[in-house]
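Asks: What follows is run-v4.cif; its format and atoms are mmCIF, C-alpha atoms and all ligand atoms.
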```cif
data_upload
loop_
_atom_site.group_PDB
_atom_site.id
_atom_site.type_symbol
_atom_site.label_atom_id
_atom_site.label_comp_id
_atom_site.auth_asym_id
_atom_site.auth_seq_id
_atom_site.Cartn_x
_atom_site.Cartn_y
_atom_site.Cartn_z
ATOM 1 C CA MET A 258 7.483 -15.620 -0.867
ATOM 2 C CA ALA A 259 5.478 -12.796 -2.465
ATOM 3 C CA THR A 260 6.947 -11.268 -5.630
ATOM 4 C CA ILE A 261 7.706 -7.533 -5.717
ATOM 5 C CA PHE A 262 4.693 -7.139 -7.989
ATOM 6 C CA THR A 263 2.428 -8.843 -5.442
ATOM 7 C CA LYS A 264 3.810 -6.386 -2.878
ATOM 8 C CA ILE A 265 2.841 -3.546 -5.242
ATOM 9 C CA ILE A 266 -0.667 -5.032 -5.607
ATOM 10 C CA ASN A 267 -0.968 -5.246 -1.823
ATOM 11 C CA GLY A 268 0.291 -1.680 -1.332
ATOM 12 C CA GLU A 269 3.421 -2.854 0.510
ATOM 13 C CA LEU A 270 5.645 -1.258 -2.173
ATOM 14 C CA PRO A 271 4.914 2.024 -3.983
ATOM 15 C CA ALA A 272 4.182 2.268 -7.710
ATOM 16 C CA TYR A 273 2.933 4.824 -10.197
ATOM 17 C CA LYS A 274 -0.380 3.086 -10.933
ATOM 18 C CA VAL A 275 -2.221 3.863 -14.152
ATOM 19 C CA ALA A 276 -5.134 1.406 -14.237
ATOM 20 C CA GLU A 277 -6.685 -1.269 -12.061
ATOM 21 C CA THR A 278 -9.510 -3.789 -12.197
ATOM 22 C CA ASP A 279 -10.473 -6.583 -9.798
ATOM 23 C CA ASP A 280 -8.047 -8.924 -11.567
ATOM 24 C CA TYR A 281 -5.347 -6.739 -13.197
ATOM 25 C CA LEU A 282 -3.068 -3.798 -12.434
ATOM 26 C CA ALA A 283 -1.013 -1.477 -14.660
ATOM 27 C CA PHE A 284 1.814 0.719 -13.400
ATOM 28 C CA LEU A 285 4.801 2.558 -14.870
ATOM 29 C CA ASP A 286 8.036 0.595 -15.196
ATOM 30 C CA ILE A 287 10.527 2.063 -12.721
ATOM 31 C CA ASN A 288 13.406 1.800 -15.235
ATOM 32 C CA PRO A 289 11.629 2.606 -18.506
ATOM 33 C CA ASN A 290 12.921 1.983 -22.004
ATOM 34 C CA ALA A 291 10.960 5.091 -22.945
ATOM 35 C CA LYS A 292 8.627 7.566 -21.278
ATOM 36 C CA GLY A 293 5.278 5.811 -20.739
ATOM 37 C CA HIS A 294 6.712 2.268 -20.494
ATOM 38 C CA THR A 295 4.018 0.447 -18.512
ATOM 39 C CA LEU A 296 3.669 -3.021 -17.000
ATOM 40 C CA CYS A 297 0.325 -4.836 -16.990
ATOM 41 C CA ILE A 298 0.013 -7.716 -14.547
ATOM 42 C CA PRO A 299 -2.581 -10.187 -13.378
ATOM 43 C CA LYS A 300 -3.142 -10.014 -9.641
ATOM 44 C CA GLU A 301 -2.888 -13.783 -9.608
ATOM 45 C CA GLU A 302 0.748 -14.670 -8.930
ATOM 46 C CA GLU A 303 1.973 -16.778 -11.840
ATOM 47 C CA ASN A 304 5.540 -16.921 -13.132
ATOM 48 C CA LYS A 305 5.183 -17.624 -16.869
ATOM 49 C CA ILE A 306 2.538 -16.048 -19.096
ATOM 50 C CA PHE A 307 1.613 -19.223 -20.965
ATOM 51 C CA ASP A 308 0.978 -21.001 -17.652
ATOM 52 C CA LEU A 309 -1.964 -18.664 -16.987
ATOM 53 C CA ASP A 310 -5.373 -20.233 -17.424
ATOM 54 C CA GLU A 311 -6.972 -19.162 -20.706
ATOM 55 C CA GLU A 312 -9.490 -16.788 -19.124
ATOM 56 C CA THR A 313 -6.838 -14.900 -17.136
ATOM 57 C CA TYR A 314 -4.514 -14.788 -20.178
ATOM 58 C CA LEU A 315 -7.228 -13.386 -22.454
ATOM 59 C CA GLY A 316 -8.318 -10.957 -19.746
ATOM 60 C CA LEU A 317 -4.730 -9.727 -19.448
ATOM 61 C CA MET A 318 -4.570 -9.156 -23.216
ATOM 62 C CA LYS A 319 -7.854 -7.198 -23.139
ATOM 63 C CA PHE A 320 -6.701 -5.111 -20.177
ATOM 64 C CA SER A 321 -3.308 -4.465 -21.851
ATOM 65 C CA ARG A 322 -5.053 -3.317 -25.031
ATOM 66 C CA ASN A 323 -7.159 -0.803 -23.100
ATOM 67 C CA VAL A 324 -4.096 0.491 -21.261
ATOM 68 C CA ALA A 325 -2.115 0.718 -24.531
ATOM 69 C CA LYS A 326 -4.837 2.870 -26.063
ATOM 70 C CA ALA A 327 -4.685 5.197 -23.064
ATOM 71 C CA ILE A 328 -0.872 5.456 -23.280
ATOM 72 C CA GLU A 329 -1.091 6.221 -27.002
ATOM 73 C CA LYS A 330 -3.420 9.153 -26.287
ATOM 74 C CA VAL A 331 -0.905 10.683 -23.880
ATOM 75 C CA VAL A 332 2.608 9.821 -25.082
ATOM 76 C CA PRO A 333 3.820 10.957 -28.514
ATOM 77 C CA CYS A 334 5.129 7.859 -30.324
ATOM 78 C CA GLN A 335 4.820 5.876 -33.534
ATOM 79 C CA ARG A 336 2.977 3.034 -31.822
ATOM 80 C CA ILE A 337 2.813 1.026 -28.616
ATOM 81 C CA GLY A 338 5.016 -2.061 -28.668
ATOM 82 C CA MET A 339 4.330 -5.106 -26.520
ATOM 83 C CA SER A 340 6.893 -7.502 -25.023
ATOM 84 C CA VAL A 341 6.769 -10.351 -22.572
ATOM 85 C CA ILE A 342 10.095 -11.318 -21.014
ATOM 86 C CA GLY A 343 10.002 -12.048 -17.292
ATOM 87 C CA LEU A 344 13.649 -12.931 -16.761
ATOM 88 C CA GLU A 345 13.946 -10.436 -13.890
ATOM 89 C CA VAL A 346 10.606 -10.587 -12.082
ATOM 90 C CA PRO A 347 8.882 -14.004 -11.829
ATOM 91 C CA HIS A 348 5.346 -12.566 -11.907
ATOM 92 C CA VAL A 349 3.619 -12.365 -15.302
ATOM 93 C CA HIS A 350 3.845 -8.881 -16.829
ATOM 94 C CA VAL A 351 3.225 -7.405 -20.256
ATOM 95 C CA HIS A 352 5.559 -4.546 -21.187
ATOM 96 C CA LEU A 353 3.763 -1.780 -23.108
ATOM 97 C CA ILE A 354 6.374 0.506 -24.627
ATOM 98 C CA PRO A 355 5.762 3.712 -26.602
ATOM 99 C CA LEU A 356 8.069 3.261 -29.597
ATOM 100 C CA ARG A 357 9.741 6.088 -31.491
ATOM 101 C CA THR A 358 12.643 4.008 -32.789
ATOM 102 C CA MET A 359 13.722 0.341 -32.641
ATOM 103 C CA GLU A 360 16.046 1.306 -29.763
ATOM 104 C CA ASP A 361 12.992 1.733 -27.517
ATOM 105 C CA ALA A 362 12.211 -1.986 -27.913
ATOM 106 C CA ARG A 363 15.721 -3.173 -27.015
ATOM 107 C CA PHE A 364 15.831 -2.831 -23.196
ATOM 108 C CA THR A 365 19.304 -1.363 -23.484
ATOM 109 C CA SER A 366 18.940 2.417 -23.445
ATOM 110 C CA LYS A 367 16.837 3.676 -20.561
ATOM 111 C CA ASP A 368 14.967 6.916 -19.913
ATOM 112 C CA LYS A 369 15.334 8.775 -16.597
ATOM 113 C CA LEU A 370 12.258 10.436 -15.118
ATOM 114 C CA SER A 371 11.893 12.445 -11.922
ATOM 115 C CA ASP A 372 9.316 11.558 -9.298
ATOM 116 C CA SER A 373 7.070 14.421 -10.451
ATOM 117 C CA GLU A 374 7.421 13.372 -14.115
ATOM 118 C CA PHE A 375 6.417 9.792 -13.193
ATOM 119 C CA ARG A 376 3.462 11.085 -11.181
ATOM 120 C CA GLU A 377 2.197 13.452 -13.890
ATOM 121 C CA LEU A 378 2.546 10.768 -16.550
ATOM 122 C CA ALA A 379 0.723 8.158 -14.445
ATOM 123 C CA ASN A 380 -2.101 10.632 -13.761
ATOM 124 C CA ALA A 381 -2.430 11.541 -17.450
ATOM 125 C CA ILE A 382 -2.544 7.881 -18.572
ATOM 126 C CA SER A 383 -4.950 7.064 -15.776
ATOM 127 C CA GLU A 384 -7.303 9.857 -16.886
ATOM 128 C CA ALA A 385 -7.092 8.696 -20.511
ATOM 129 C CA TYR A 386 -7.847 5.122 -19.378
ATOM 130 C CA LYS A 387 -10.942 6.222 -17.446
ATOM 131 C CA GLY A 388 -12.107 8.549 -20.237
HETATM 132 P P1 LIG B 1 11.570 -8.652 -17.018
HETATM 133 O O1 LIG B 1 11.236 -9.529 -15.831
HETATM 134 O O2 LIG B 1 10.467 -8.621 -18.038
HETATM 135 O O3 LIG B 1 12.903 -8.975 -17.614
HETATM 136 O O4 LIG B 1 11.734 -7.154 -16.472
HETATM 137 C C1 LIG B 1 11.119 -6.701 -15.303
HETATM 138 C C2 LIG B 1 10.771 -5.230 -15.445
HETATM 139 O O5 LIG B 1 10.235 -4.797 -14.194
HETATM 140 C C3 LIG B 1 11.963 -4.316 -15.753
HETATM 141 O O6 LIG B 1 11.649 -3.513 -16.892
HETATM 142 C C4 LIG B 1 12.135 -3.481 -14.487
HETATM 143 O O7 LIG B 1 12.537 -2.157 -14.739
HETATM 144 C C5 LIG B 1 10.774 -3.543 -13.860
HETATM 145 N N1 LIG B 1 10.800 -3.481 -12.403
HETATM 146 C C6 LIG B 1 11.596 -4.226 -11.576
HETATM 147 N N2 LIG B 1 11.333 -3.923 -10.289
HETATM 148 C C7 LIG B 1 10.358 -2.974 -10.305
HETATM 149 C C8 LIG B 1 9.672 -2.271 -9.262
HETATM 150 O O8 LIG B 1 9.900 -2.463 -8.061
HETATM 151 N N3 LIG B 1 8.753 -1.357 -9.642
HETATM 152 C C9 LIG B 1 8.453 -1.128 -10.974
HETATM 153 N N4 LIG B 1 7.524 -0.204 -11.246
HETATM 154 N N5 LIG B 1 9.081 -1.777 -11.981
HETATM 155 C C10 LIG B 1 10.024 -2.684 -11.638
#
```
Show me, as structure tokens, the structure contained in the file I just sent.
Replies:
Amino acid sequence: MATIFTKIINGELPAYKVAETDDYLAFLDINPNAKGHTLCIPKEEENKIFDLDEETYLGLMKFSRNVAKAIEKVVPCQRIGMSVIGLEVPHVHVHLIPLRTMEDARFTSKDKLSDSEFRELANAISEAYKG
């Protein structure tokens, strides 16, 4: 059965997309640790990151770096943190999280954004990514 992230890739579920290539997609996390929390995924459906073939893994890291630089241009923060967990969604994803304090890296306190805030943020990151 397709993962929810494959459904997002296929347009069967909505997402606030920020960047896309032939092989990768980035979109805002729906329950963000902090404003700008973004998920970068390979379109290939794989459960665990270290099971990716080397080319796809390295491509994901390169894509994530480009997306992180775009987020950093838009969201005030000390730096962009990166986590890989995958205990909830069995489709490889890199969490990119704008960090202001250690709390933002803990996946315990969550930020609430309205639909328009999500949309504006996704547009701004997307523009920074293209620029
Ligand atoms: P993990 O699998 O790394 O533990 O966490 C999965 C992440 O995906 C969580 O941060 C969660 O908020 C996010 N997530 C789960 N379902 C959806 C969804 O349908 N859309 C989006 N944009 N994010 C999701």
Asks: Expanded to explicit residues, what is the PyMOL selection byres (((chain A and resi 300) around 8) and not hetatm) for this file, as a PDB file with C-alpha atoms, in the frame of the given file?
Replies:
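Dumped to out_38.pdb:
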```pdb
ATOM      1  CA  THR A 263       2.428  -8.843  -5.442  1.00  0.00           C
ATOM      2  CA  ILE A 266      -0.667  -5.032  -5.607  1.00  0.00           C
ATOM      3  CA  ASP A 280      -8.047  -8.924 -11.567  1.00  0.00           C
ATOM      4  CA  TYR A 281      -5.347  -6.739 -13.197  1.00  0.00           C
ATOM      5  CA  LEU A 282      -3.068  -3.798 -12.434  1.00  0.00           C
ATOM      6  CA  ILE A 298       0.013  -7.716 -14.547  1.00  0.00           C
ATOM      7  CA  PRO A 299      -2.581 -10.187 -13.378  1.00  0.00           C
ATOM      8  CA  GLU A 301      -2.888 -13.783  -9.608  1.00  0.00           C
ATOM      9  CA  GLU A 302       0.748 -14.670  -8.930  1.00  0.00           C
TER      10      GLU A 302
END
```
Asks: For a test of reading the model, state the distance in Å between CA of Phe262 (chain A) and CA of Thr358 (chain A), rounded to one decimal.
Replies: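 About the pair CA of Phe262 (chain A) and CA of Thr358 (chain A): they are 28.3 Å apart.
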Asks: Hey, can you check how far CA of Ala381 (chain A) sits from CA of Ile342 (chain A)?
Replies: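 Value for the CA of Ala381 (chain A)-CA of Ile342 (chain A) distance: 26.3 Å.
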Asks: Can you give me, as a short mmCIF file (atom, residue, chain, number, x, y, z; two decimals) with C-alpha atoms, in the frame of the given file, the residues this file yields under the PyMOL selection byres (((chain A and resi 375) around 9) and not hetatm)?
Replies:
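Dumped everything to out_25.cif:
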```
data_model
loop_
_atom_site.label_atom_id
_atom_site.label_comp_id
_atom_site.auth_asym_id
_atom_site.auth_seq_id
_atom_site.Cartn_x
_atom_site.Cartn_y
_atom_site.Cartn_z
CA TYR A 273 2.93 4.82 -10.20
CA LEU A 285 4.80 2.56 -14.87
CA ILE A 287 10.53 2.06 -12.72
CA LYS A 292 8.63 7.57 -21.28
CA GLY A 293 5.28 5.81 -20.74
CA LEU A 370 12.26 10.44 -15.12
CA SER A 371 11.89 12.44 -11.92
CA ASP A 372 9.32 11.56 -9.30
CA SER A 373 7.07 14.42 -10.45
CA GLU A 374 7.42 13.37 -14.12
CA ARG A 376 3.46 11.08 -11.18
CA GLU A 377 2.20 13.45 -13.89
CA LEU A 378 2.55 10.77 -16.55
CA ALA A 379 0.72 8.16 -14.44
CA ASN A 380 -2.10 10.63 -13.76
#
```
Asks: Restricting the calculation to all atoms listed in the file: of A:His352, A:Glu269, A:Gly343, A:Ala259, which residue gets closest to Phe307 (chain A)?
Replies: A:Gly343
Asks: Go ahead and fit an axis-aligned box to every listed atom of ligand LIG 1 (chain B) plus 4 Å each side, and pass me the centre and edge lengths in Å, one decimal, as lines of an AutoDock Vina configuration file.
Replies:
```
center_x = 10.2
center_y = -4.9
center_z = -13.0
size_x = 13.4
size_y = 17.3
size_z = 18.0
```
Asks: I want to know what sits within 9 Å of Leu353 (chain A), based on only C-alpha atoms, with residues of the same chain fewer than 5 positions away left out; could you give that as number ranges by chain?
Replies: A: 293-297, 321, 324-325, 328, 337-340
Asks: Compare A:Ala291, A:Met258, A:Cys334, A:Met318 by their minimum atom-to-atom distance to Lys369 (chain A), counting all atoms listed in the file, and give me the closest one.
Replies: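 Nearest to Lys369 (chain A): A:Ala291.
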Asks: Calculate how many Å separate atom O2 of ligand LIG 1 (chain B) from CA of Ala362 (chain A), rounding to one decimal.
Replies: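 Straight-line distance from atom O2 of ligand LIG 1 (chain B) to CA of Ala362 (chain A) works out to 12.0 Å.
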Asks: Find the residue from A:Ile306, A:Val351, A:Leu317, A:Leu356 that sits nearest to Arg336 (chain A); use all atoms listed in the file when measuring.
Replies: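 Ranked by minimum distance to Arg336 (chain A), first place goes to A:Leu356.
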Asks: So, with only C-alpha atoms as the atoms that count, which of A:Thr313, A:Ser383, A:Thr260, A:Asn267 lies closest to Lys326 (chain A)?
Replies: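 Under the stated criterion, the closest residue is A:Ser383.
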Asks: Pick from A:Leu309, A:Val275, A:Ala283, A:Val341: nearest to Lys387 (chain A), with all atoms listed in the file counted?
Replies: A:Val275
Asks: Translate the PyMOL selection byres (((chain A and resi 331) around 8) and not hetatm), as applied to the file shown, into an explicit residue set as a PyMOL selection string.
Replies: chain A and resi 327-330+332-333+381-382+385
Asks: Please produce a file of those selected residues containing C-alpha atoms, as a PDB file, in the coordinates of the input.
Replies:
```pdb
ATOM      1  CA  ALA A 327      -4.685   5.197 -23.064  1.00  0.00           C
ATOM      2  CA  ILE A 328      -0.872   5.456 -23.280  1.00  0.00           C
ATOM      3  CA  GLU A 329      -1.091   6.221 -27.002  1.00  0.00           C
ATOM      4  CA  LYS A 330      -3.420   9.153 -26.287  1.00  0.00           C
ATOM      5  CA  VAL A 332       2.608   9.821 -25.082  1.00  0.00           C
ATOM      6  CA  PRO A 333       3.820  10.957 -28.514  1.00  0.00           C
ATOM      7  CA  ALA A 381      -2.430  11.541 -17.450  1.00  0.00           C
ATOM      8  CA  ILE A 382      -2.544   7.881 -18.572  1.00  0.00           C
ATOM      9  CA  ALA A 385      -7.092   8.696 -20.511  1.00  0.00           C
TER      10      ALA A 385
END
```
Asks: Between A:Asn323, A:Asn288, A:Thr278, A:Ser366, single out the one closest to ligand LIG 1 (chain B), counting all atoms listed in the file.
Replies: A:Asn288
Asks: Pull out region 293-330 of chain A, keep N, CA and C atoms, and write it as an mmCIF file, in the first residue's frame.
Replies:
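Output (part.cif):
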```cif
data_model
loop_
_atom_site.group_PDB
_atom_site.id
_atom_site.type_symbol
_atom_site.label_atom_id
_atom_site.label_comp_id
_atom_site.auth_asym_id
_atom_site.auth_seq_id
_atom_site.Cartn_x
_atom_site.Cartn_y
_atom_site.Cartn_z
ATOM 1 N N GLY A 293 8.558 26.635 9.639
ATOM 2 C CA GLY A 293 9.549 26.343 8.596
ATOM 3 C C GLY A 293 10.027 24.898 8.588
ATOM 4 N N HIS A 294 9.586 24.109 9.550
ATOM 5 C CA HIS A 294 9.938 22.677 9.633
ATOM 6 C C HIS A 294 9.491 22.007 8.325
ATOM 7 N N THR A 295 10.465 21.451 7.623
ATOM 8 C CA THR A 295 10.230 20.917 6.268
ATOM 9 C C THR A 295 10.704 19.476 6.177
ATOM 10 N N LEU A 296 10.009 18.688 5.377
ATOM 11 C CA LEU A 296 10.395 17.297 5.128
ATOM 12 C C LEU A 296 10.890 17.162 3.695
ATOM 13 N N CYS A 297 12.036 16.533 3.527
ATOM 14 C CA CYS A 297 12.586 16.255 2.197
ATOM 15 C C CYS A 297 12.538 14.753 1.975
ATOM 16 N N ILE A 298 11.945 14.347 0.867
ATOM 17 C CA ILE A 298 11.771 12.901 0.632
ATOM 18 C C ILE A 298 12.241 12.514 -0.771
ATOM 19 N N PRO A 299 12.706 11.284 -0.901
ATOM 20 C CA PRO A 299 12.906 10.756 -2.251
ATOM 21 C C PRO A 299 11.553 10.289 -2.769
ATOM 22 N N LYS A 300 11.348 10.407 -4.068
ATOM 23 C CA LYS A 300 10.075 9.923 -4.617
ATOM 24 C C LYS A 300 10.011 8.397 -4.593
ATOM 25 N N GLU A 301 11.185 7.803 -4.634
ATOM 26 C CA GLU A 301 11.265 6.340 -4.497
ATOM 27 C C GLU A 301 10.784 5.970 -3.092
ATOM 28 N N GLU A 302 9.896 4.973 -3.021
ATOM 29 C CA GLU A 302 9.338 4.596 -1.721
ATOM 30 C C GLU A 302 10.256 3.595 -1.025
ATOM 31 N N GLU A 303 10.989 4.100 -0.045
ATOM 32 C CA GLU A 303 11.875 3.244 0.759
ATOM 33 C C GLU A 303 11.594 3.581 2.215
ATOM 34 N N ASN A 304 11.659 2.588 3.077
ATOM 35 C CA ASN A 304 11.313 2.792 4.486
ATOM 36 C C ASN A 304 12.453 3.450 5.257
ATOM 37 N N LYS A 305 13.645 2.861 5.194
ATOM 38 C CA LYS A 305 14.759 3.308 6.049
ATOM 39 C C LYS A 305 15.830 3.998 5.215
ATOM 40 N N ILE A 306 16.332 5.117 5.722
ATOM 41 C CA ILE A 306 17.238 5.961 4.925
ATOM 42 C C ILE A 306 18.496 5.212 4.490
ATOM 43 N N PHE A 307 19.041 4.371 5.363
ATOM 44 C CA PHE A 307 20.309 3.727 5.001
ATOM 45 C C PHE A 307 20.094 2.502 4.107
ATOM 46 N N ASP A 308 18.830 2.231 3.756
ATOM 47 C CA ASP A 308 18.548 1.210 2.742
ATOM 48 C C ASP A 308 18.471 1.816 1.337
ATOM 49 N N LEU A 309 18.525 3.159 1.244
ATOM 50 C CA LEU A 309 18.550 3.777 -0.082
ATOM 51 C C LEU A 309 19.837 3.392 -0.793
ATOM 52 N N ASP A 310 19.784 3.294 -2.116
ATOM 53 C CA ASP A 310 21.047 3.109 -2.837
ATOM 54 C C ASP A 310 21.861 4.397 -2.679
ATOM 55 N N GLU A 311 23.175 4.283 -2.854
ATOM 56 C CA GLU A 311 24.073 5.394 -2.537
ATOM 57 C C GLU A 311 23.740 6.657 -3.345
ATOM 58 N N GLU A 312 23.410 6.481 -4.603
ATOM 59 C CA GLU A 312 23.121 7.642 -5.457
ATOM 60 C C GLU A 312 21.874 8.386 -4.959
ATOM 61 N N THR A 313 20.845 7.656 -4.609
ATOM 62 C CA THR A 313 19.605 8.297 -4.130
ATOM 63 C C THR A 313 19.849 8.961 -2.783
ATOM 64 N N TYR A 314 20.622 8.285 -1.904
ATOM 65 C CA TYR A 314 20.951 8.844 -0.587
ATOM 66 C C TYR A 314 21.724 10.162 -0.734
ATOM 67 N N LEU A 315 22.752 10.150 -1.582
ATOM 68 C CA LEU A 315 23.564 11.362 -1.749
ATOM 69 C C LEU A 315 22.750 12.465 -2.430
ATOM 70 N N GLY A 316 21.892 12.068 -3.352
ATOM 71 C CA GLY A 316 21.014 13.046 -4.004
ATOM 72 C C GLY A 316 20.062 13.680 -3.002
ATOM 73 N N LEU A 317 19.576 12.874 -2.059
ATOM 74 C CA LEU A 317 18.666 13.402 -1.032
ATOM 75 C C LEU A 317 19.396 14.407 -0.141
ATOM 76 N N MET A 318 20.662 14.092 0.189
ATOM 77 C CA MET A 318 21.445 15.019 1.022
ATOM 78 C C MET A 318 21.680 16.341 0.289
ATOM 79 N N LYS A 319 21.982 16.258 -1.008
ATOM 80 C CA LYS A 319 22.218 17.472 -1.808
ATOM 81 C C LYS A 319 20.929 18.305 -1.900
ATOM 82 N N PHE A 320 19.839 17.639 -2.183
ATOM 83 C CA PHE A 320 18.539 18.321 -2.263
ATOM 84 C C PHE A 320 18.209 18.972 -0.916
ATOM 85 N N SER A 321 18.406 18.234 0.178
ATOM 86 C CA SER A 321 18.089 18.753 1.524
ATOM 87 C C SER A 321 18.934 19.987 1.833
ATOM 88 N N ARG A 322 20.190 19.959 1.422
ATOM 89 C CA ARG A 322 21.073 21.109 1.648
ATOM 90 C C ARG A 322 20.539 22.345 0.918
ATOM 91 N N ASN A 323 20.141 22.167 -0.324
ATOM 92 C CA ASN A 323 19.597 23.303 -1.089
ATOM 93 C C ASN A 323 18.317 23.839 -0.452
ATOM 94 N N VAL A 324 17.469 22.941 0.011
ATOM 95 C CA VAL A 324 16.221 23.366 0.654
ATOM 96 C C VAL A 324 16.541 24.070 1.980
ATOM 97 N N ALA A 325 17.498 23.539 2.733
ATOM 98 C CA ALA A 325 17.870 24.156 4.020
ATOM 99 C C ALA A 325 18.351 25.589 3.807
ATOM 100 N N LYS A 326 19.122 25.805 2.765
ATOM 101 C CA LYS A 326 19.618 27.156 2.491
ATOM 102 C C LYS A 326 18.467 28.104 2.161
ATOM 103 N N ALA A 327 17.469 27.596 1.475
ATOM 104 C CA ALA A 327 16.290 28.415 1.159
ATOM 105 C C ALA A 327 15.508 28.731 2.443
ATOM 106 N N ILE A 328 15.329 27.743 3.303
ATOM 107 C CA ILE A 328 14.599 27.971 4.564
ATOM 108 C C ILE A 328 15.330 29.038 5.386
ATOM 109 N N GLU A 329 16.646 28.919 5.445
ATOM 110 C CA GLU A 329 17.448 29.830 6.271
ATOM 111 C C GLU A 329 17.335 31.285 5.788
ATOM 112 N N LYS A 330 17.082 31.459 4.498
ATOM 113 C CA LYS A 330 16.913 32.817 3.964
ATOM 114 C C LYS A 330 15.592 33.433 4.415
#
```
